[in-house]
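Encoded as structure tokens, the structure appears first; notes follow it.
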Amino acid sequence: MSTHTALEEGFPAKHFLNQGTTFKSWATTIDHKRIALMYLVTVLFTFFLGGVFALLLRIELLTPGPGIMDAQSYNRVFSLHGIIMVFLFMIPAVPGVFGNFMLPLMIGAKDVAFPKLNLATYYIYVLGALFAVWGLWNGGVDTGWTFYAPYSTTTATKVVPVLLGAFTVGMSSILTGVNFMTTVHTLRAPGLTWGKLPLFVWAIYGTAAVQVLATPVIGLVTLLVAAEAGFGFGLFDPARGGDPLLMQHLFWFYSHPAVYIMILPAMGVVSEVIATFSRRQVFGYKMLAGSTLGIALVGFFVWGHHLFVSGQSTFNAGVFGVLTMLVGVFTAIKVFNWVLTMYKGAIDFKTPFLYAMGFLYFIIFGGMTGIALAVVSLDIHWHDTYFVVAHFHFVMVGSVVMGFLAALHYWFPKMFGKMYSDRWGLAAALFVFIGFNVTFIPQFLLGNMGMPRRYYQYPEVFRTLNVMSTAGAGLLGFGFAFILIVLVVALIKGKVAGPNPWFSKGYEWNTTSPPDMHNFHEVPVMVDAPHAYEKVPEGTLAAQEAAKTEAEGAHHHV
Amino acid sequence: MSSDTHKAHGTGFYFGILLALGVLTFVTFWTARHMETGVFHTPLAVVIATVKAFLVVWFFMHLSDHGNSNKAFFLTSLFFVALMIALIIGDVATRLPTANPNFSAFKEMRGPW
Amino acid sequence: MNELIESLSWMNDVLFLPPQTSTLAPKIDFLHWQIFIVTMLTFFAITSVIIGLYIKYRRKEDHQVTEVFHPPLWLEGAFIAVPFVLFMAWFTLGFHDFVWSRTPPKDAIDVYVMGKKWMWKYSYPDGPNMIDTLRVPVGRPVRLLITSRDVIHSFFAPTMRVKQDALPGRYTEAWFEATKTGTYPIFCAEYCGLNHSAMIGNIVVMETREYDAWMDDVKRNTYASRIDIGMTEQQATMVTQGAKLALEKGCARCHSIDEANTLLPPTLGPSWVGLYRAERKLADGSTVIADEAYLTRSMMDPMVQLVAGYPPLMPSYQGVLQSGEAAAIAEYIKTLKKDSPTKLGAR
Amino acid sequence: MSDASAGMLDHAPHFNSAAHEKRAAQMGMWLFLVNEVLLFAGLFTAFFMYRFMYTDTFRYLAFVELDWVMGTVNTGVLLASSFTVVLAVQAARAHKSNQVGLWLLATIGFAGVFLVIKYFEYTHKIHEGLLPGSYFSYDLSESIARVKGDPVKMSHIADANINLNNVGNGAPMFFTLYFFITGLHGIHVLIGMGLLGWMAKRAFNGEFARRNDTPIELSGMYWHLVDLIWIYVYPMLYLL
Ligand code: HEA
Ligand code: HEA
Ligand code: CUA
Ligand SMILES: [Cu+2]
């Protein structure tokens with residue numbers, strides 16, 4: 001890189017973490033890095049909460065009959081598990097934490113476009129979460145995270161506060177999207193053309209677009225369902241001429257794209273990590289960037305695959321079946337390009353890379369089961385069985401959480417300036433990986449056997465596999481706790497990481513670790529593409545172009 | 001795109017747009033209520049509304065000089081509205097009649113398949 | 001083809017699939033095996049490539065400079081084309097089966113299925129009502145007309161590979177043809193509240209002879225004497241219920257069950273006798289076959305298809321008749337054949 | 001640009017110039033409006049879907065029970081308010097802060113008129129029992145009988161091909177959607193009024209005399225969106 005900022009070696013004396021240490025300096029900060037850390041703490045908490053509920057579920061499912069709780073509690077627990085994990089953990093997780101932290105660094109900006117809005121967004125999210133948690137405390141909901149009418153509009157549990165909580169969290173998500181899209185459009189450093197944008201930025205951009213376009217629809221759905229539950233307007237009530245399927249359509253119009261809100265940023269992380277640890281530019285940059293936008297767009301056309309056996313017309317099932325396959329094609333493009341990025345590379349097998357490989361494994365496996373589910377006739381058997389549960393845990397816990405952990409381990413030294421023990425990091429990762437497989441592979445088989453989801457009790461035949469799954473969940477939980485310990489230990493007494501412990505040529509590494517309050521000491525000028533580890537042959541077009549951009553960049557600098 | 005590059009539009013011009021909007025409101029009313037337009041009844045109203053919307057967006061909201069990205073954003077939003085309406089109504093229109101007591105394009109019990 | 005399916009049937013054990021007891025099951029499973037095998041091969045191929053690359057291209061120094069390599073166009077093309085072709089092929093096969101699974105043969109036995117918190121009720125149009133246990137003959141297609149009394153449920157028979165949501169206020173259809181006698185489970189697959197996981201039933205598949213005998217038996221025994229699991233409205237067949245409802249809900253004020261249509265005062269609506277499956281002339285000049293859908297629509301939305309020669313008088317029964325009740329009346333109307341000796345309503 | 005000078009800039013330190021900042025602000029606003037459009041899209045979908053299922057009822061109610069005069073007048077009022085907002089933006093660009101305030105007041109006035117008319121519409125509906133879902137208590141058959149007695153109306157109905165026999169099912173649904181759509185729109189009007197009121201206050205304080213027309217422009221855009229939605233709502237509810 002040509003931007004040779006005077007990087008202090010080792011740990012800088014002044015950085016964003018120690019400039020103001022009072023509570024107020026954190027609570028009122030508009031620094032994107034500090035906001036990112038606030039998100040980090042919050043989402044780790046919600047993840048823990050959701051995880052505790054998950055373990056309760058698994059313990060209950062240890063025995064075919066009633067175990068540690070009654071049916072009503074079970075129904076609430078899986079609803080809360082789903083709602084917390086999806087709305088409070090997964091959707092804000094990668095964009096809120098790593099998007100906030102890395103986006104400005106990667107595009108050479110001092111902050112996001114609207115720093116105050118950014119802080120407001122965080123508080124709106126917390127407010128929504130509190131709303132939901134309040135509803136949870138006061139009896140919870142027993143509708144599942146899907147809130148299907150007419151069950152959700154007739155149940156006696158506290159749907160209204162939880163729906164309003166989801167609405168509020170949704171607002172936060174929309175504003176994050178607005179902020180990030182504007183940031184990418186307006187705050188790129190001199191020389192950083194669209195064609196050079198780091199893939200993580202592309203991913204955040206695609207995510208933000210989906211957030212802006214899809215989230216208002218779930219906002220509306222939550223309002224309508226809440227109004228219906230409160231007043232009985234009959235919008236989804238067949239007795240009053242309403243159509244319950246309309247609710248499902250509108251719900252999935254958001255919630256399918258929402259799964260890409262979750263996975264796209266994780267895919268962005270993986271692109272960065274694989275490039276860094278293979279010391280190569282990604283194989284097929286244009287394909288990866290393009291397929292990001294492709295997934296974001298086509299992700300909107302496929303929601304009907306959740307309604308194959310719900311009474312949707314056969315014709316529509318066909319339309320949605322075909323369109324769903326297109327998403328698979330875009331993801332396949334990504335997978336192949338990631339794998340071939342390693343071709344002729346120089347691979348260093350560090351913890352983040354292991355997580356990236358884990359991500360690949362899970363997205364291939366989980367994605368393929370997604371494709372199988374989208375094969376309309378197979379979904380007849382699988383719909384609403386544990387096969388679906390296993391599918392979405394593979395893509396959500398497997399892929400997205402792996403992506404989250406890859407990001408955490410990859411950027412941990414940048415964020416905190418400390419390095420964790422790679423050996424212990426790998427060990428913990430192994431626990432998570434094995435625990436995960438033991439938890440969820442049996443669930444695929446349970447689904448094949450025909451065990452429906454959201455079942456409090458089940459016939460004896462399903463017992464063995466359920467016991468395996470519960471055992472795996474214990475291992476998985478242990479793995480997560482292990483990671484937490486490794487990272488906390490690193491925070492306290494980890495070695496100083498230095499500005500660029502991975503020798504990466506990603507843009508975000510061009511500053512100290514942890515970064516300065518204003519990110520960079522000078523406005524960086526992006527000449528090379530990110531991750532340009534390859535030697536540029538003299539006299540080629542690329543070399544000339546590089547020289548040209550450098551000259552331009554110098555002008556641009558006010 | 002700084003503020004000084006705005007095309008100077010002037011009060012008179014804006015008033016002209018307002019008049020056009022008024023006229024179109026009348027046209028949409030008249031065609032919807034007092035004209036035999038057959039199958040074009042609804043599409044016509046949608047088209048006129050879209051023309052009006054265009055006038056508001058383009059001139060009143062100054063999208064004309066707000067850059068291509070913003071134009072693309074706005075178009076995208078319209079595209080998604082159309083997508084949502086089309087696919088959901090597509091479902092209602094092709095369901096089996098029993099699954100939809102009030103309406104279906106198919107009069108026989110067996111669907112098109 | 002069939003031999004191929006046979007020869008692969010060990011896959012069912014590998015995948016923990018339940019026994020195949022319907023004509024649909026082998027179709028679904030066959031595609032399942034195909035997809036499983038291809039995805040597993042792809043998975044192992046990709047994994048081997050990853051491992052191979054890892055072994056070959058280890059890092060030697062921290063700041064190692066790598067070689068430039070531009071991906072050839074054909075390769076990127078293949079990345080798009082191969083999955084695309086594969087996915088489309090699967091979709092085509094799958095959708096073909098799906099459509100087949102959605103198209104009941106004309107000679108199917110009809111059974112009405114109603115989900116209700118938290119049980120399944122079955123009504124044979126001209127026979128008994130059952131709770132939780134559905135009896136069907138082997139080797140004959142059975143069409144299920146599925147609805148719900150309260151919230152959404154989903155009728156799921158894993159061994160038949162049949163699943164269809166039950167929606168309140170409307171009917172959905174599914175069908176299957178059992179191929180093996182025995183008793184098989186039914187689950188509710190759409191979350192419906194407290195006892196969702198206890199909303200379990202059975203399908204008993206019987207030899208045709210046995211089934212007919214059973215059917216005759218329950219028909220012969222007076223329905224009233226059957227203590228039908230303690231549910232009052234269950235004590236009658238759909239047909240008798242329908243007859244009762246037709247009186248209660250005031251249909252009889254306007255519709256006669258007399259072929260000559262001689263009710264006093266003069267009837268306002270057309271007679272129901274011989275209505276089912278008859279061709280009706282409508283006021284707008286078109287004709288329509290009076291099937292279940294037509295009958296139901298006539299009750300719910302009578303003005304949409306007006307019978308020629310009658311005034312548009314009939315009120316809508318939307319919201320007044322529960323969907324089960326509408327079905328009962330429809331079944332009752334279906335029994336009113338010309339010259340049929342059993343005019344149940346004429347008591 | 002060093003940190004020391006940042007405090008004296010007319011723009012936030014992470015932007016290069018005021019124009020740069022303004023461009024970002026505009027883009028942010030457009031994206032926000034895109035989100036608003038999709039918020040209404042769900043309701044529009046519901047409306048068109050049920051209108052498709054209960055076509056004659058929906059059309060009958062639009063013809064007979066909604067007051068197209070009020071709807072049309074309100075359309076005019078909103079268009080006029082859009083016009084005054086544009087003039088406010090124009091004044092802001094010319095740094096005439098007081099004028100900005102006046103035009104904004106005019107806009108708020110129009111918005112007030114809009115709401116008053118809406119109020120009359122609502123009270124009339126509530127009085128008649130033309131209410132959503134289970135609250136619907138209006139006798140439709142009587143209404144149909146009245147229409148049948150009125151040859152002018154009958155001829156309209158006949159022209160529009162509305163089959164009176166099909167009118168009935170779905171009437172409460174029409175009003176559910178009517179109140180949802182106009183209600184959500186009304187909330188946007190209220191928010192817009194608050195926003196414009198705040199801007200007017202700032203304008204009278206002379207804040208836009210020196211620089212910075214961005215807040216006015218953004219609030220104006222928001223207000224135009226409110227008008228934009230109505231442009232679709234008006235034919236949808238009142239005419240078709
Ligand atoms: C992060 C979240 C996430 C992601 C990324 C996905 C990705 C996909 N999902 Fe998943 N899905 C969920 C989360 C997610 N899903 C959730 C939460 C549910 C359940 C909700 C509920 O009901 O509660 C669900 C449910 C669900 C269903 C409904 C099941 C049912 O209820 O009956 C379907 C059906 O089509 C489906 C399909 C797909 C497809 C086709 C993809 C595709 O995007 C996958 C594409 C990826 C690949 C295809 C892999 C890479 C490709 C290759 C390596 C090439 C080679 C491949 C082959 C040879 C096959 N998903
Ligand atoms: C992002 C989403 C997400 C995540 C991460 C998980 C995680 C897990 N889920 Fe969940 N799940 C859903 C989303 C998710 N789930 C959804 C949407 C549903 C559907 C709900 C519905 O039906 O409506 C569902 C349903 C669901 C069911 C089905 C219930 C039913 O249908 O009856 C089951 C059953 O086994 C289950 C299990 C698990 C398990 C064992 C985990 C484990 O992976 C959890 C392990 C985690 C922990 C044990 C926490 C430990 C954490 C720490 C100690 C701190 C760690 C710190 C660091 C990482 C630094 N989940
Ligand atoms: Cu009935 Cu679940
Ligand atoms: Cu989906």
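Residues are named by chain letter and number: chains run A, B, ... in the order of the structure tokens, numbers start at 1 in each chain, and ligands are numbered from 1 in the order shown.
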Using only C-alpha atoms, find which residues of chain C lie within 6 Å of chain B and jot them down as a PyMOL selection string.
chain C and resi 170-172+293+297
Contacts to ligand 4 at 10 Å cut-off (only C-alpha atoms and all ligand atoms) as a PyMOL selection string:
chain A and resi 252-260+299-307+324+370+373-374+392
Go through chain C and flag each residue having an atom no more than 6 Å from chain A; for those, report the closest pair of atoms plus their distance in Å to one decimal, using only C-alpha atoms, ordered by chain and rising number, as JSON lines.
{"residue": "C:Phe16", "atom": "CA", "partner": "A:Met449", "partner_atom": "CA", "distance": 5.7}
{"residue": "C:Leu17", "atom": "CA", "partner": "A:Met449", "partner_atom": "CA", "distance": 5.0}
{"residue": "C:Pro18", "atom": "CA", "partner": "A:Met449", "partner_atom": "CA", "distance": 5.4}
{"residue": "C:Ile28", "atom": "CA", "partner": "A:Leu378", "partner_atom": "CA", "distance": 6.0}
{"residue": "C:Tyr57", "atom": "CA", "partner": "A:Ala346", "partner_atom": "CA", "distance": 5.3}
{"residue": "C:Arg58", "atom": "CA", "partner": "A:Ile347", "partner_atom": "CA", "distance": 4.7}
{"residue": "C:Arg59", "atom": "CA", "partner": "A:Ala346", "partner_atom": "CA", "distance": 4.1}
{"residue": "C:Val65", "atom": "CA", "partner": "A:Glu534", "partner_atom": "CA", "distance": 5.5}
{"residue": "C:Thr66", "atom": "CA", "partner": "A:Glu534", "partner_atom": "CA", "distance": 4.7}
{"residue": "C:Glu67", "atom": "CA", "partner": "A:Glu534", "partner_atom": "CA", "distance": 5.4}
{"residue": "C:Val68", "atom": "CA", "partner": "A:Glu534", "partner_atom": "CA", "distance": 5.4}
{"residue": "C:Phe79", "atom": "CA", "partner": "A:Ile333", "partner_atom": "CA", "distance": 5.5}
{"residue": "C:Pro83", "atom": "CA", "partner": "A:Val329", "partner_atom": "CA", "distance": 5.8}
{"residue": "C:Phe84", "atom": "CA", "partner": "A:Val329", "partner_atom": "CA", "distance": 5.8}
{"residue": "C:Phe87", "atom": "CA", "partner": "A:Met325", "partner_atom": "CA", "distance": 5.9}
{"residue": "C:Phe91", "atom": "CA", "partner": "A:Val375", "partner_atom": "CA", "distance": 5.2}
{"residue": "C:Gly94", "atom": "CA", "partner": "A:Ser377", "partner_atom": "CA", "distance": 4.9}
{"residue": "C:Phe95", "atom": "CA", "partner": "A:Val376", "partner_atom": "CA", "distance": 5.6}
{"residue": "C:Asp97", "atom": "CA", "partner": "A:Ser377", "partner_atom": "CA", "distance": 5.9}
{"residue": "C:Phe98", "atom": "CA", "partner": "A:Ser377", "partner_atom": "CA", "distance": 4.5}
{"residue": "C:Val151", "atom": "CA", "partner": "A:Tyr151", "partner_atom": "CA", "distance": 5.4}
{"residue": "C:Pro158", "atom": "CA", "partner": "A:Gly450", "partner_atom": "CA", "distance": 5.4}
{"residue": "C:Arg161", "atom": "CA", "partner": "A:His381", "partner_atom": "CA", "distance": 5.1}
{"residue": "C:Lys163", "atom": "CA", "partner": "A:Ile380", "partner_atom": "CA", "distance": 5.6}
{"residue": "C:Gln164", "atom": "CA", "partner": "A:Val309", "partner_atom": "CA", "distance": 5.2}
{"residue": "C:Asp165", "atom": "CA", "partner": "A:Ser310", "partner_atom": "CA", "distance": 4.9}
{"residue": "C:Gly169", "atom": "CA", "partner": "A:Pro238", "partner_atom": "CA", "distance": 5.3}
{"residue": "C:Ala189", "atom": "CA", "partner": "A:Pro452", "partner_atom": "CA", "distance": 5.4}
{"residue": "C:Leu194", "atom": "CA", "partner": "A:Gln72", "partner_atom": "CA", "distance": 5.7}
{"residue": "C:Ser197", "atom": "CA", "partner": "A:Tyr455", "partner_atom": "CA", "distance": 4.7}
{"residue": "C:Gly319", "atom": "CA", "partner": "A:Ala239", "partner_atom": "CA", "distance": 5.2}
For the selection just defined, write its residues with N, CA and C atoms to a file, as a PDB file, in the first residue's frame.
ATOM      1  N   PHE C  16     -32.670 -42.848   7.391  1.00  0.00           N
ATOM      2  CA  PHE C  16     -33.671 -42.922   8.468  1.00  0.00           C
ATOM      3  C   PHE C  16     -35.066 -42.582   7.983  1.00  0.00           C
ATOM      4  N   LEU C  17     -35.349 -42.820   6.710  1.00  0.00           N
ATOM      5  CA  LEU C  17     -36.690 -42.486   6.228  1.00  0.00           C
ATOM      6  C   LEU C  17     -37.667 -43.549   6.697  1.00  0.00           C
ATOM      7  N   PRO C  18     -38.873 -43.143   7.012  1.00  0.00           N
ATOM      8  CA  PRO C  18     -39.865 -44.122   7.443  1.00  0.00           C
ATOM      9  C   PRO C  18     -40.292 -45.003   6.274  1.00  0.00           C
ATOM     10  N   ILE C  28     -41.075 -39.466  -4.030  1.00  0.00           N
ATOM     11  CA  ILE C  28     -40.350 -38.464  -3.249  1.00  0.00           C
ATOM     12  C   ILE C  28     -39.006 -39.010  -2.819  1.00  0.00           C
ATOM     13  N   TYR C  57      -0.436 -25.519  -0.892  1.00  0.00           N
ATOM     14  CA  TYR C  57      -0.045 -24.103  -0.825  1.00  0.00           C
ATOM     15  C   TYR C  57       0.078 -23.613   0.606  1.00  0.00           C
ATOM     16  N   ARG C  58       0.959 -24.207   1.364  1.00  0.00           N
ATOM     17  CA  ARG C  58       1.198 -23.717   2.733  1.00  0.00           C
ATOM     18  C   ARG C  58       2.019 -22.447   2.686  1.00  0.00           C
ATOM     19  N   ARG C  59       1.863 -21.630   3.715  1.00  0.00           N
ATOM     20  CA  ARG C  59       2.636 -20.388   3.730  1.00  0.00           C
ATOM     21  C   ARG C  59       4.075 -20.679   4.152  1.00  0.00           C
ATOM     22  N   VAL C  65       4.939 -13.304  -1.298  1.00  0.00           N
ATOM     23  CA  VAL C  65       4.269 -12.700  -2.453  1.00  0.00           C
ATOM     24  C   VAL C  65       3.800 -13.837  -3.349  1.00  0.00           C
ATOM     25  N   THR C  66       2.549 -13.771  -3.755  1.00  0.00           N
ATOM     26  CA  THR C  66       2.021 -14.878  -4.544  1.00  0.00           C
ATOM     27  C   THR C  66       1.962 -14.508  -6.015  1.00  0.00           C
ATOM     28  N   GLU C  67       1.756 -15.529  -6.798  1.00  0.00           N
ATOM     29  CA  GLU C  67       1.727 -15.316  -8.236  1.00  0.00           C
ATOM     30  C   GLU C  67       0.420 -14.712  -8.693  1.00  0.00           C
ATOM     31  N   VAL C  68       0.475 -13.951  -9.757  1.00  0.00           N
ATOM     32  CA  VAL C  68      -0.761 -13.415 -10.331  1.00  0.00           C
ATOM     33  C   VAL C  68      -1.476 -14.535 -11.069  1.00  0.00           C
ATOM     34  N   PHE C  79     -19.004 -22.133 -13.178  1.00  0.00           N
ATOM     35  CA  PHE C  79     -19.521 -21.944 -11.825  1.00  0.00           C
ATOM     36  C   PHE C  79     -20.992 -21.570 -11.848  1.00  0.00           C
ATOM     37  N   PRO C  83     -24.205 -25.439 -11.501  1.00  0.00           N
ATOM     38  CA  PRO C  83     -25.279 -25.456 -10.501  1.00  0.00           C
ATOM     39  C   PRO C  83     -26.633 -25.116 -11.097  1.00  0.00           C
ATOM     40  N   PHE C  84     -26.630 -24.187 -12.044  1.00  0.00           N
ATOM     41  CA  PHE C  84     -27.910 -23.777 -12.605  1.00  0.00           C
ATOM     42  C   PHE C  84     -28.625 -24.961 -13.244  1.00  0.00           C
ATOM     43  N   PHE C  87     -29.732 -27.498 -10.558  1.00  0.00           N
ATOM     44  CA  PHE C  87     -30.860 -27.047  -9.735  1.00  0.00           C
ATOM     45  C   PHE C  87     -32.156 -27.049 -10.532  1.00  0.00           C
ATOM     46  N   PHE C  91     -35.488 -29.037  -9.764  1.00  0.00           N
ATOM     47  CA  PHE C  91     -36.769 -28.353  -9.636  1.00  0.00           C
ATOM     48  C   PHE C  91     -37.808 -28.999 -10.540  1.00  0.00           C
ATOM     49  N   GLY C  94     -38.917 -32.300  -9.212  1.00  0.00           N
ATOM     50  CA  GLY C  94     -39.676 -32.114  -7.983  1.00  0.00           C
ATOM     51  C   GLY C  94     -41.040 -31.518  -8.240  1.00  0.00           C
ATOM     52  N   PHE C  95     -41.072 -30.542  -9.117  1.00  0.00           N
ATOM     53  CA  PHE C  95     -42.355 -29.889  -9.349  1.00  0.00           C
ATOM     54  C   PHE C  95     -43.310 -30.833 -10.069  1.00  0.00           C
ATOM     55  N   ASP C  97     -43.500 -34.047  -9.621  1.00  0.00           N
ATOM     56  CA  ASP C  97     -44.102 -34.886  -8.585  1.00  0.00           C
ATOM     57  C   ASP C  97     -45.082 -34.104  -7.726  1.00  0.00           C
ATOM     58  N   PHE C  98     -44.722 -32.859  -7.472  1.00  0.00           N
ATOM     59  CA  PHE C  98     -45.573 -32.030  -6.624  1.00  0.00           C
ATOM     60  C   PHE C  98     -46.942 -31.857  -7.256  1.00  0.00           C
ATOM     61  N   VAL C 151     -57.388 -22.617  14.551  1.00  0.00           N
ATOM     62  CA  VAL C 151     -56.179 -22.010  14.011  1.00  0.00           C
ATOM     63  C   VAL C 151     -55.622 -22.929  12.925  1.00  0.00           C
ATOM     64  N   PRO C 158     -46.264 -39.097   7.817  1.00  0.00           N
ATOM     65  CA  PRO C 158     -44.902 -39.273   7.316  1.00  0.00           C
ATOM     66  C   PRO C 158     -44.732 -40.481   6.401  1.00  0.00           C
ATOM     67  N   ARG C 161     -45.823 -39.698   3.116  1.00  0.00           N
ATOM     68  CA  ARG C 161     -45.169 -38.489   2.606  1.00  0.00           C
ATOM     69  C   ARG C 161     -46.219 -37.441   2.212  1.00  0.00           C
ATOM     70  N   LYS C 163     -48.400 -34.090   3.380  1.00  0.00           N
ATOM     71  CA  LYS C 163     -48.562 -33.028   4.366  1.00  0.00           C
ATOM     72  C   LYS C 163     -49.344 -31.900   3.716  1.00  0.00           C
ATOM     73  N   GLN C 164     -50.294 -31.361   4.449  1.00  0.00           N
ATOM     74  CA  GLN C 164     -51.045 -30.222   3.921  1.00  0.00           C
ATOM     75  C   GLN C 164     -51.603 -29.430   5.090  1.00  0.00           C
ATOM     76  N   ASP C 165     -51.427 -28.130   5.030  1.00  0.00           N
ATOM     77  CA  ASP C 165     -51.954 -27.290   6.108  1.00  0.00           C
ATOM     78  C   ASP C 165     -53.470 -27.284   6.084  1.00  0.00           C
ATOM     79  N   GLY C 169     -61.741 -21.855   7.754  1.00  0.00           N
ATOM     80  CA  GLY C 169     -62.581 -21.124   6.814  1.00  0.00           C
ATOM     81  C   GLY C 169     -62.363 -21.458   5.359  1.00  0.00           C
ATOM     82  N   ALA C 189     -48.400 -30.832  11.977  1.00  0.00           N
ATOM     83  CA  ALA C 189     -47.089 -30.246  11.702  1.00  0.00           C
ATOM     84  C   ALA C 189     -47.088 -28.728  11.738  1.00  0.00           C
ATOM     85  N   LEU C 194     -50.950 -25.107  22.823  1.00  0.00           N
ATOM     86  CA  LEU C 194     -50.568 -25.943  23.956  1.00  0.00           C
ATOM     87  C   LEU C 194     -50.274 -27.400  23.600  1.00  0.00           C
ATOM     88  N   SER C 197     -48.139 -30.929  20.172  1.00  0.00           N
ATOM     89  CA  SER C 197     -47.394 -32.183  20.035  1.00  0.00           C
ATOM     90  C   SER C 197     -48.241 -33.397  20.396  1.00  0.00           C
ATOM     91  N   GLY C 319     -69.499 -16.835   7.298  1.00  0.00           N
ATOM     92  CA  GLY C 319     -69.456 -16.472   8.705  1.00  0.00           C
ATOM     93  C   GLY C 319     -70.606 -17.055   9.501  1.00  0.00           C
TER      94      GLY C 319
END
Do you know which residues are within 10 Å of ligand 3 using only C-alpha atoms and all ligand atoms? Can you write them as a ChimeraX atom specification?
/A:452-455 /C:115-120,148,150-156,165-166,187-200
Can you tell me which residues surround D:Ser137 at a distance of at most 9 Å, considering only C-alpha atoms, apart from same-chain residues fewer than 6 positions away, and format the answer as a tab-separated table (two decimals) with N, CA, C and O atoms, in the first residue's frame?
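Dumped to out-v8.tsv:
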chain	number	residue	atom	x	y	z
D	128	GLU	N	-71.97	6.40	11.31
D	128	GLU	CA	-72.77	5.46	10.52
D	128	GLU	C	-72.51	4.01	10.88
D	128	GLU	O	-73.25	3.13	10.45
D	129	GLY	N	-71.41	3.78	11.59
D	129	GLY	CA	-71.03	2.40	11.86
D	129	GLY	C	-70.24	1.77	10.73
D	129	GLY	O	-70.14	0.55	10.64
D	130	LEU	N	-69.69	2.60	9.88
D	130	LEU	CA	-68.83	2.08	8.81
D	130	LEU	C	-67.44	1.89	9.39
D	130	LEU	O	-66.56	2.73	9.23
D	131	LEU	N	-67.26	0.80	10.11
D	131	LEU	CA	-66.06	0.62	10.90
D	131	LEU	C	-65.37	-0.69	10.56
D	131	LEU	O	-65.96	-1.56	9.94
D	172	PRO	N	-66.69	-5.07	5.86
D	172	PRO	CA	-65.87	-4.66	7.00
D	172	PRO	C	-64.40	-4.59	6.64
D	172	PRO	O	-63.66	-3.75	7.15
Stretch 33-39 of chain D surroundings by only C-alpha atoms, 7 Å radius, close-in-sequence under 6 positions cut, as number ranges by chain
A: 212-213, 216-217, 220; B: 74, 77, 81
Using only C-alpha atoms, select each residue of chain D with any atom at most 8 Å away from an atom of chain B, and give the selection as a PyMOL selection string.
chain D and resi 19-20+22-23+26-27+30-31+34-35+37-38+41-42+44-45+48-49+52-54+72+75-76+79-80+82-83+86-87+90+156+159-160+220-221+224+228+231-232+235+239-240
Kindly provide, as number ranges by chain, the residues of chain A having any atom no farther than 9 Å from an atom of chain D, counting only C-alpha atoms.
A: 109-114, 174-175, 177-179, 181-183, 185-187, 209, 211-221, 224, 231-235, 240-243, 246, 250, 518, 522-523, 558
From the DSSP assignment of the backbone, select every residue of stretch 192-434 of chain A that is helix (DSSP H, G or I), and format the answer as JSON, numbers by chain.
{"A": [194, 195, 196, 199, 200, 201, 202, 203, 204, 205, 206, 207, 208, 209, 210, 211, 212, 213, 214, 215, 216, 217, 218, 219, 220, 221, 222, 223, 224, 225, 226, 227, 228, 229, 230, 231, 238, 239, 240, 244, 245, 246, 247, 248, 249, 250, 251, 252, 253, 254, 255, 256, 257, 258, 259, 260, 261, 262, 263, 264, 265, 266, 267, 268, 269, 270, 271, 272, 273, 274, 275, 276, 277, 278, 285, 286, 287, 288, 289, 290, 291, 292, 293, 294, 295, 296, 297, 298, 299, 300, 301, 303, 304, 305, 306, 314, 315, 316, 317, 318, 319, 320, 321, 322, 323, 324, 325, 326, 327, 328, 329, 330, 331, 332, 333, 334, 335, 336, 337, 338, 339, 340, 341, 351, 352, 353, 354, 355, 356, 357, 358, 359, 360, 361, 362, 363, 364, 365, 366, 367, 368, 369, 370, 371, 372, 373, 374, 376, 377, 378, 379, 380, 381, 382, 386, 387, 388, 389, 390, 391, 392, 393, 394, 395, 396, 397, 398, 399, 400, 401, 402, 403, 404, 405, 406, 407, 408, 409, 410, 411, 412, 413, 414, 415, 416, 422, 423, 424, 425, 426, 427, 428, 429, 430, 431, 432, 433, 434]}
